[in-house]
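Okay, protein.cif is below, mmCIF, N, CA and C atoms:
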data_my_file
loop_
_atom_site.label_atom_id
_atom_site.label_comp_id
_atom_site.auth_asym_id
_atom_site.auth_seq_id
_atom_site.Cartn_x
_atom_site.Cartn_y
_atom_site.Cartn_z
N LYS A 1 73.94 73.15 96.92
CA LYS A 1 75.13 72.57 96.31
C LYS A 1 75.33 73.13 94.90
N GLN A 2 74.27 73.24 94.16
CA GLN A 2 74.37 73.73 92.78
C GLN A 2 74.86 75.19 92.75
N TRP A 3 74.35 76.02 93.65
CA TRP A 3 74.78 77.43 93.69
C TRP A 3 76.28 77.52 93.96
N TYR A 4 76.78 76.71 94.89
CA TYR A 4 78.19 76.71 95.24
C TYR A 4 79.05 76.35 94.03
N GLN A 5 78.65 75.37 93.25
CA GLN A 5 79.43 74.96 92.08
C GLN A 5 79.47 76.08 91.06
N ARG A 6 78.37 76.75 90.84
CA ARG A 6 78.36 77.88 89.90
C ARG A 6 79.25 79.01 90.39
N ARG A 7 79.21 79.24 91.65
CA ARG A 7 80.02 80.32 92.24
C ARG A 7 81.51 80.04 92.02
N VAL A 8 81.94 78.81 92.21
CA VAL A 8 83.34 78.45 92.01
C VAL A 8 83.74 78.65 90.56
N VAL A 9 82.90 78.25 89.65
CA VAL A 9 83.19 78.40 88.23
C VAL A 9 83.31 79.87 87.86
N ILE A 10 82.47 80.70 88.42
CA ILE A 10 82.47 82.12 88.08
C ILE A 10 83.69 82.83 88.65
N THR A 11 84.08 82.52 89.87
CA THR A 11 85.18 83.26 90.50
C THR A 11 86.55 82.65 90.28
N ALA A 12 86.63 81.40 89.88
CA ALA A 12 87.94 80.77 89.68
C ALA A 12 88.62 81.36 88.46
N GLY A 13 89.90 81.66 88.59
CA GLY A 13 90.66 82.21 87.47
C GLY A 13 90.97 81.14 86.44
N GLY A 14 91.11 81.55 85.20
CA GLY A 14 91.46 80.62 84.13
C GLY A 14 92.91 80.22 84.21
N ARG A 15 93.25 79.16 83.48
CA ARG A 15 94.64 78.70 83.46
C ARG A 15 95.58 79.77 82.92
N ASP A 16 95.09 80.56 81.97
CA ASP A 16 95.94 81.61 81.41
C ASP A 16 96.31 82.65 82.47
N LYS A 17 95.42 82.91 83.42
CA LYS A 17 95.72 83.86 84.50
C LYS A 17 96.80 83.33 85.41
N TYR A 18 96.72 82.04 85.74
CA TYR A 18 97.74 81.45 86.61
C TYR A 18 99.09 81.40 85.90
N ALA A 19 99.07 81.10 84.62
CA ALA A 19 100.31 81.01 83.86
C ALA A 19 100.98 82.37 83.73
N ALA A 20 100.18 83.42 83.68
CA ALA A 20 100.72 84.76 83.50
C ALA A 20 100.97 85.47 84.82
N ALA A 21 100.79 84.80 85.93
CA ALA A 21 100.93 85.45 87.23
C ALA A 21 102.33 86.00 87.45
N ALA A 22 103.34 85.29 87.04
CA ALA A 22 104.72 85.74 87.19
C ALA A 22 105.49 85.39 85.92
N ILE A 23 106.40 86.27 85.55
CA ILE A 23 107.26 85.99 84.40
C ILE A 23 108.71 86.26 84.78
N GLU A 24 109.59 85.50 84.18
CA GLU A 24 111.02 85.67 84.39
C GLU A 24 111.61 86.30 83.14
N ILE A 25 112.40 87.34 83.31
CA ILE A 25 112.97 88.05 82.16
C ILE A 25 114.48 88.13 82.29
N ASP A 26 115.17 87.83 81.20
CA ASP A 26 116.62 87.95 81.12
C ASP A 26 116.92 89.39 80.69
N LEU A 27 117.40 90.19 81.62
CA LEU A 27 117.66 91.61 81.35
C LEU A 27 118.86 91.82 80.43
N GLY A 28 119.65 90.78 80.24
CA GLY A 28 120.78 90.85 79.32
C GLY A 28 120.34 91.06 77.88
N THR A 29 119.06 90.83 77.61
CA THR A 29 118.53 91.02 76.25
C THR A 29 118.10 92.46 75.98
N VAL A 30 118.14 93.31 77.01
CA VAL A 30 117.73 94.72 76.84
C VAL A 30 119.00 95.58 76.78
N PRO A 31 119.33 96.12 75.60
CA PRO A 31 120.55 96.93 75.47
C PRO A 31 120.48 98.23 76.28
N GLU A 32 121.61 98.68 76.76
CA GLU A 32 121.67 99.94 77.51
C GLU A 32 121.12 101.07 76.64
N GLY A 33 120.30 101.91 77.26
CA GLY A 33 119.70 103.05 76.56
C GLY A 33 118.43 102.70 75.82
N LYS A 34 117.98 101.46 75.90
CA LYS A 34 116.77 101.03 75.17
C LYS A 34 115.66 100.65 76.14
N ASN A 35 114.45 100.63 75.60
CA ASN A 35 113.26 100.22 76.34
C ASN A 35 112.68 98.99 75.65
N ALA A 36 112.46 97.93 76.40
CA ALA A 36 111.84 96.72 75.85
C ALA A 36 110.41 96.63 76.37
N VAL A 37 109.53 96.08 75.55
CA VAL A 37 108.13 95.93 75.93
C VAL A 37 107.78 94.45 75.96
N PHE A 38 107.24 94.02 77.08
CA PHE A 38 106.78 92.65 77.26
C PHE A 38 105.29 92.70 77.59
N THR A 39 104.62 91.57 77.53
CA THR A 39 103.22 91.51 77.94
C THR A 39 103.15 90.72 79.23
N TRP A 40 102.52 91.32 80.24
CA TRP A 40 102.38 90.67 81.53
C TRP A 40 100.97 90.93 82.05
N ARG A 41 100.25 89.86 82.31
CA ARG A 41 98.86 89.94 82.79
C ARG A 41 97.99 90.77 81.84
N GLY A 42 98.28 90.66 80.55
CA GLY A 42 97.49 91.35 79.53
C GLY A 42 97.81 92.82 79.37
N LYS A 43 98.86 93.30 80.02
CA LYS A 43 99.24 94.72 79.95
C LYS A 43 100.67 94.84 79.44
N PRO A 44 100.99 95.99 78.82
CA PRO A 44 102.39 96.20 78.43
C PRO A 44 103.26 96.43 79.66
N LEU A 45 104.41 95.79 79.67
CA LEU A 45 105.39 95.94 80.74
C LEU A 45 106.63 96.55 80.11
N PHE A 46 107.04 97.71 80.62
CA PHE A 46 108.24 98.38 80.11
C PHE A 46 109.44 98.01 80.98
N ILE A 47 110.54 97.66 80.32
CA ILE A 47 111.81 97.49 81.02
C ILE A 47 112.81 98.36 80.29
N ARG A 48 113.30 99.35 81.00
CA ARG A 48 114.24 100.32 80.43
C ARG A 48 115.62 100.10 81.05
N HIS A 49 116.61 99.83 80.20
CA HIS A 49 118.00 99.72 80.65
C HIS A 49 118.57 101.14 80.59
N ARG A 50 118.62 101.77 81.74
CA ARG A 50 118.97 103.19 81.79
C ARG A 50 120.47 103.44 81.65
N THR A 51 120.80 104.53 81.00
CA THR A 51 122.19 104.97 80.89
C THR A 51 122.59 105.65 82.19
N GLN A 52 123.88 105.83 82.40
CA GLN A 52 124.34 106.51 83.61
C GLN A 52 123.82 107.95 83.64
N GLU A 53 123.74 108.59 82.50
CA GLU A 53 123.21 109.95 82.43
C GLU A 53 121.73 109.99 82.87
N GLU A 54 120.95 109.01 82.43
CA GLU A 54 119.53 108.95 82.84
C GLU A 54 119.41 108.71 84.35
N ILE A 55 120.25 107.85 84.88
CA ILE A 55 120.24 107.55 86.32
C ILE A 55 120.59 108.80 87.11
N ASP A 56 121.64 109.50 86.70
CA ASP A 56 122.08 110.71 87.40
C ASP A 56 121.01 111.80 87.38
N LYS A 57 120.37 112.01 86.22
CA LYS A 57 119.31 113.01 86.10
C LYS A 57 118.12 112.66 86.99
N SER A 58 117.78 111.39 87.00
CA SER A 58 116.64 110.94 87.80
C SER A 58 116.91 111.11 89.29
N LYS A 59 118.10 110.80 89.73
CA LYS A 59 118.46 110.95 91.13
C LYS A 59 118.52 112.41 91.56
N ALA A 60 118.87 113.30 90.63
CA ALA A 60 119.01 114.72 90.94
C ALA A 60 117.68 115.48 90.91
N ALA A 61 116.63 114.86 90.43
CA ALA A 61 115.32 115.53 90.32
C ALA A 61 114.80 115.93 91.69
N ASN A 62 114.12 117.09 91.74
CA ASN A 62 113.54 117.60 92.99
C ASN A 62 112.22 116.89 93.26
N VAL A 63 112.26 115.88 94.08
CA VAL A 63 111.10 115.04 94.36
C VAL A 63 109.98 115.84 95.04
N SER A 64 110.33 116.82 95.85
CA SER A 64 109.31 117.58 96.59
C SER A 64 108.39 118.38 95.67
N GLN A 65 108.81 118.63 94.44
CA GLN A 65 108.00 119.39 93.49
C GLN A 65 107.13 118.49 92.61
N MET A 66 107.20 117.18 92.81
CA MET A 66 106.47 116.25 91.96
C MET A 66 105.05 116.00 92.45
N ARG A 67 104.17 115.73 91.52
CA ARG A 67 102.77 115.43 91.83
C ARG A 67 102.64 114.14 92.63
N ASP A 68 103.42 113.13 92.26
CA ASP A 68 103.42 111.83 92.94
C ASP A 68 104.87 111.58 93.38
N PRO A 69 105.30 112.17 94.49
CA PRO A 69 106.72 112.14 94.87
C PRO A 69 107.24 110.77 95.26
N GLN A 70 108.20 110.29 94.47
CA GLN A 70 108.93 109.06 94.76
C GLN A 70 110.37 109.25 94.30
N THR A 71 111.30 108.79 95.11
CA THR A 71 112.70 108.89 94.72
C THR A 71 113.03 107.82 93.68
N ASP A 72 114.16 107.99 93.04
CA ASP A 72 114.63 107.01 92.08
C ASP A 72 114.84 105.66 92.77
N ALA A 73 115.39 105.67 93.96
CA ALA A 73 115.66 104.43 94.70
C ALA A 73 114.37 103.70 95.07
N GLU A 74 113.30 104.43 95.31
CA GLU A 74 112.01 103.79 95.63
C GLU A 74 111.42 103.08 94.41
N ARG A 75 111.76 103.56 93.23
CA ARG A 75 111.17 103.02 92.00
C ARG A 75 112.05 102.00 91.29
N CYS A 76 113.35 102.09 91.48
CA CYS A 76 114.29 101.20 90.77
C CYS A 76 115.13 100.42 91.79
N VAL A 77 114.79 99.16 91.99
CA VAL A 77 115.53 98.31 92.92
C VAL A 77 116.98 98.19 92.46
N ASN A 78 117.17 97.96 91.17
CA ASN A 78 118.49 97.96 90.53
C ASN A 78 118.51 99.22 89.69
N GLU A 79 119.37 100.17 90.04
CA GLU A 79 119.32 101.48 89.38
C GLU A 79 119.50 101.44 87.86
N LYS A 80 120.06 100.37 87.34
CA LYS A 80 120.24 100.26 85.89
C LYS A 80 118.92 100.03 85.16
N PHE A 81 117.94 99.43 85.86
CA PHE A 81 116.70 99.03 85.18
C PHE A 81 115.46 99.63 85.83
N LEU A 82 114.65 100.25 84.99
CA LEU A 82 113.31 100.68 85.41
C LEU A 82 112.35 99.60 84.92
N ILE A 83 111.51 99.13 85.80
CA ILE A 83 110.49 98.13 85.45
C ILE A 83 109.14 98.73 85.84
N CYS A 84 108.28 98.96 84.84
CA CYS A 84 106.98 99.57 85.13
C CYS A 84 105.94 99.12 84.11
N LEU A 85 104.68 99.31 84.47
CA LEU A 85 103.60 99.00 83.54
C LEU A 85 103.51 100.13 82.53
N GLY A 86 103.29 99.79 81.28
CA GLY A 86 103.18 100.78 80.21
C GLY A 86 101.75 101.22 80.02
N VAL A 87 101.14 101.67 81.11
CA VAL A 87 99.74 102.11 81.08
C VAL A 87 99.66 103.48 81.74
N CYS A 88 99.30 104.50 80.96
CA CYS A 88 99.19 105.86 81.48
C CYS A 88 98.16 105.89 82.59
N THR A 89 98.48 106.58 83.67
CA THR A 89 97.59 106.63 84.83
C THR A 89 96.45 107.64 84.65
N HIS A 90 96.39 108.28 83.50
CA HIS A 90 95.28 109.20 83.23
C HIS A 90 94.08 108.43 82.72
N LEU A 91 94.18 107.85 81.53
CA LEU A 91 93.04 107.12 80.95
C LEU A 91 93.43 105.74 80.40
N GLY A 92 94.62 105.26 80.75
CA GLY A 92 94.99 103.90 80.38
C GLY A 92 95.60 103.73 79.00
N CYS A 93 96.05 104.79 78.39
CA CYS A 93 96.72 104.70 77.08
C CYS A 93 98.12 104.12 77.27
N VAL A 94 98.79 103.79 76.17
CA VAL A 94 100.16 103.26 76.24
C VAL A 94 101.13 104.36 75.83
N PRO A 95 101.95 104.84 76.76
CA PRO A 95 102.92 105.90 76.44
C PRO A 95 104.01 105.44 75.48
N ILE A 96 104.64 106.40 74.84
CA ILE A 96 105.74 106.17 73.90
C ILE A 96 107.06 106.37 74.65
N ALA A 97 107.97 105.42 74.49
CA ALA A 97 109.27 105.50 75.18
C ALA A 97 110.20 106.48 74.48
N HIS A 98 111.11 107.06 75.26
CA HIS A 98 112.14 107.99 74.79
C HIS A 98 111.52 109.23 74.13
N ALA A 99 110.39 109.67 74.66
CA ALA A 99 109.69 110.81 74.09
C ALA A 99 109.25 111.75 75.21
N GLY A 100 108.77 112.92 74.82
CA GLY A 100 108.30 113.90 75.78
C GLY A 100 109.41 114.82 76.24
N ASP A 101 109.03 115.79 77.05
CA ASP A 101 109.98 116.82 77.52
C ASP A 101 111.12 116.26 78.38
N TRP A 102 110.89 115.11 79.05
CA TRP A 102 111.91 114.53 79.90
C TRP A 102 112.56 113.30 79.27
N LYS A 103 112.22 113.01 78.03
CA LYS A 103 112.79 111.88 77.27
C LYS A 103 112.61 110.53 77.97
N GLY A 104 111.56 110.44 78.78
CA GLY A 104 111.23 109.18 79.44
C GLY A 104 110.12 108.51 78.67
N TYR A 105 108.88 108.90 78.99
CA TYR A 105 107.70 108.37 78.31
C TYR A 105 106.74 109.52 78.06
N TYR A 106 106.02 109.43 76.96
CA TYR A 106 105.06 110.47 76.60
C TYR A 106 103.77 109.81 76.13
N CYS A 107 102.66 110.25 76.68
CA CYS A 107 101.36 109.75 76.28
C CYS A 107 100.73 110.81 75.36
N PRO A 108 100.72 110.56 74.06
CA PRO A 108 100.24 111.57 73.12
C PRO A 108 98.73 111.80 73.16
N CYS A 109 97.99 110.90 73.76
CA CYS A 109 96.53 111.03 73.80
C CYS A 109 96.09 112.32 74.50
N HIS A 110 96.71 112.61 75.65
CA HIS A 110 96.33 113.80 76.41
C HIS A 110 97.53 114.59 76.92
N GLY A 111 98.73 114.22 76.51
CA GLY A 111 99.92 115.02 76.82
C GLY A 111 100.59 114.81 78.16
N SER A 112 100.56 113.60 78.69
CA SER A 112 101.28 113.34 79.95
C SER A 112 102.74 113.02 79.64
N HIS A 113 103.64 113.67 80.39
CA HIS A 113 105.08 113.48 80.22
C HIS A 113 105.63 112.82 81.48
N TYR A 114 106.44 111.78 81.29
CA TYR A 114 107.08 111.06 82.41
C TYR A 114 108.59 111.13 82.21
N ASP A 115 109.33 111.13 83.32
CA ASP A 115 110.80 111.14 83.20
C ASP A 115 111.32 109.72 82.98
N THR A 116 112.64 109.54 83.02
CA THR A 116 113.23 108.23 82.74
C THR A 116 113.08 107.25 83.91
N CYS A 117 112.43 107.70 84.96
CA CYS A 117 112.08 106.84 86.08
C CYS A 117 110.56 106.62 86.10
N ALA A 118 109.89 107.07 85.01
CA ALA A 118 108.44 106.92 84.83
C ALA A 118 107.61 107.67 85.87
N ARG A 119 108.16 108.80 86.33
CA ARG A 119 107.41 109.65 87.25
C ARG A 119 106.70 110.74 86.45
N ILE A 120 105.46 111.03 86.80
CA ILE A 120 104.70 112.05 86.08
C ILE A 120 105.32 113.42 86.34
N MET A 121 105.60 114.13 85.26
CA MET A 121 106.24 115.44 85.37
C MET A 121 105.34 116.57 84.86
N LYS A 122 104.45 116.24 83.92
CA LYS A 122 103.62 117.27 83.30
C LYS A 122 102.44 116.57 82.63
N GLY A 123 101.30 117.24 82.62
CA GLY A 123 100.13 116.69 81.96
C GLY A 123 99.09 116.20 82.96
N PRO A 124 98.00 115.62 82.46
CA PRO A 124 96.86 115.27 83.32
C PRO A 124 96.99 113.99 84.15
N ALA A 125 97.96 113.15 83.88
CA ALA A 125 98.07 111.89 84.64
C ALA A 125 98.27 112.20 86.13
N PRO A 126 97.51 111.55 87.00
CA PRO A 126 97.60 111.85 88.43
C PRO A 126 98.77 111.15 89.15
N LEU A 127 99.22 110.01 88.60
CA LEU A 127 100.23 109.21 89.29
C LEU A 127 101.36 108.78 88.36
N ASN A 128 102.45 108.34 88.95
CA ASN A 128 103.57 107.77 88.21
C ASN A 128 103.11 106.46 87.57
N LEU A 129 103.83 106.00 86.53
CA LEU A 129 103.54 104.68 85.98
C LEU A 129 103.80 103.66 87.09
N GLU A 130 102.96 102.66 87.16
CA GLU A 130 103.03 101.68 88.24
C GLU A 130 104.24 100.77 88.13
N VAL A 131 104.92 100.58 89.24
CA VAL A 131 106.04 99.64 89.32
C VAL A 131 105.50 98.36 89.95
N PRO A 132 105.46 97.27 89.19
CA PRO A 132 104.94 96.02 89.75
C PRO A 132 105.94 95.38 90.71
N LYS A 133 105.44 94.52 91.55
CA LYS A 133 106.31 93.80 92.47
C LYS A 133 107.26 92.93 91.65
N HIS A 134 108.53 93.02 91.95
CA HIS A 134 109.52 92.21 91.23
C HIS A 134 110.71 91.90 92.13
N GLU A 135 111.44 90.86 91.73
CA GLU A 135 112.58 90.40 92.52
C GLU A 135 113.71 90.01 91.58
N PHE A 136 114.91 90.50 91.88
CA PHE A 136 116.09 90.13 91.10
C PHE A 136 116.65 88.82 91.63
N ILE A 137 116.72 87.82 90.75
CA ILE A 137 117.28 86.52 91.11
C ILE A 137 118.80 86.57 90.98
N THR A 138 119.26 87.18 89.90
CA THR A 138 120.68 87.47 89.67
C THR A 138 120.72 88.91 89.14
N GLU A 139 121.89 89.36 88.80
CA GLU A 139 122.01 90.72 88.25
C GLU A 139 121.25 90.87 86.94
N ASP A 140 121.13 89.78 86.19
CA ASP A 140 120.48 89.84 84.87
C ASP A 140 119.13 89.14 84.78
N ILE A 141 118.68 88.51 85.84
CA ILE A 141 117.39 87.79 85.81
C ILE A 141 116.45 88.39 86.85
N VAL A 142 115.24 88.75 86.39
CA VAL A 142 114.23 89.32 87.28
C VAL A 142 112.93 88.54 87.12
N ILE A 143 112.22 88.37 88.23
CA ILE A 143 110.90 87.76 88.19
C ILE A 143 109.89 88.86 88.51
N ILE A 144 108.93 89.03 87.61
CA ILE A 144 107.89 90.04 87.79
C ILE A 144 106.63 89.36 88.30
N GLY A 145 106.05 89.90 89.36
CA GLY A 145 104.76 89.42 89.85
C GLY A 145 104.79 88.19 90.71
N LYS A 146 105.94 87.84 91.24
CA LYS A 146 106.01 86.66 92.10
C LYS A 146 105.33 86.99 93.43
N GLU A 147 104.38 86.14 93.77
CA GLU A 147 103.66 86.33 95.04
C GLU A 147 104.42 85.63 96.16
N ASP A 148 104.33 86.19 97.35
CA ASP A 148 105.00 85.58 98.51
C ASP A 148 104.31 84.32 98.95
#

Can the structure in the file be given as structure tokens, please?
Amino acid sequence: KQWYQRRVVITAGGRDKYAAAAIEIDLGTVPEGKNAVFTWRGKPLFIRHRTQEEIDKSKAANVSQMRDPQTDAERCVNEKFLICLGVCTHLGCVPIAHAGDWKGYYCPCHGSHYDTCARIMKGPAPLNLEVPKHEFITEDIVIIGKED
């Protein structure tokens, strides 16, 4: 009985983990052409309100030439907004928004360049920035991390 109680204490998540499991964000607070940073599950969460030019460039990119091929539609449920974790897939650094050769994200630590859809385009990162599970409640309200 004692072992079981210790096991529950060790594996049970803290209240802060449950509270941070899902967050609701009002996208109306993110101006077009800007990137907002939120904290979700202890990590930076990037929400980019993309311009029409950024959307068009991202859709026109040659996916077959990419290291981690994903279309714009696969990454952006609502084409106006990119929602991704701000953690470089190389060594976990935090990339800088609106920087790099593709003006998406740039990780200055080792030189990874991402486009405006957060797809890896150049540098040592093996994968695109992660897109967390999210659901649009309205055009301007999104819930990040809602479990089914």

* Chain and number of each residue from the PyMOL selection byres ((chain A and resi 33) around 6), as a count of residues only -> 7

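Using the PyMOL selection byres (((chain A and resi 71-81 and name CA) around 8) and name CA) on the file at hand returns these residues: A:Ile47, A:Arg48, A:His49, A:Arg50, A:Thr51, A:Gln52, A:Ile55, A:Ser58, A:Lys59, A:Val63, A:Pro69, A:Gln70, A:Leu82, A:Ile83, A:Cys117, A:Val131.
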
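Considering the residues A:Gly111, A:Glu130, A:Ile144, A:Ile23 and counting only C-alpha atoms, Cys84 (chain A) has its shortest atom-to-atom contact with A:Glu130.
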
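Within region 17-52 of chain A, the backbone-based DSSP assignment of helix (DSSP H, G or I) covers Lys17, Tyr18, Ala19, Leu27, Gly28, Thr29 and Gln52 of chain A.
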
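Separating CA of Ile96 (chain A) from atom C of Asn62 (chain A) is a distance of 23.1 Å.
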
* **All residues 8 Å or closer to Pro126 (chain A), only C-alpha atoms, same chain fewer than 5 positions away omitted, as a ChimeraX atom specification** => /A:67-68,89-90,120

* **Residues near Glu135 (chain A), cut-off 8 Å, only C-alpha atoms, skip fewer than 6 positions along chain, as a PyMOL selection string** => chain A and resi 142-144+146

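CA of Ala22 (chain A) lies 26.2 Å from atom C of Tyr114 (chain A).
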
* Asked: Between CA of Trp102 (chain A) and CA of Lys43 (chain A), what is the spacing in Å?
  -> 23.5 Å
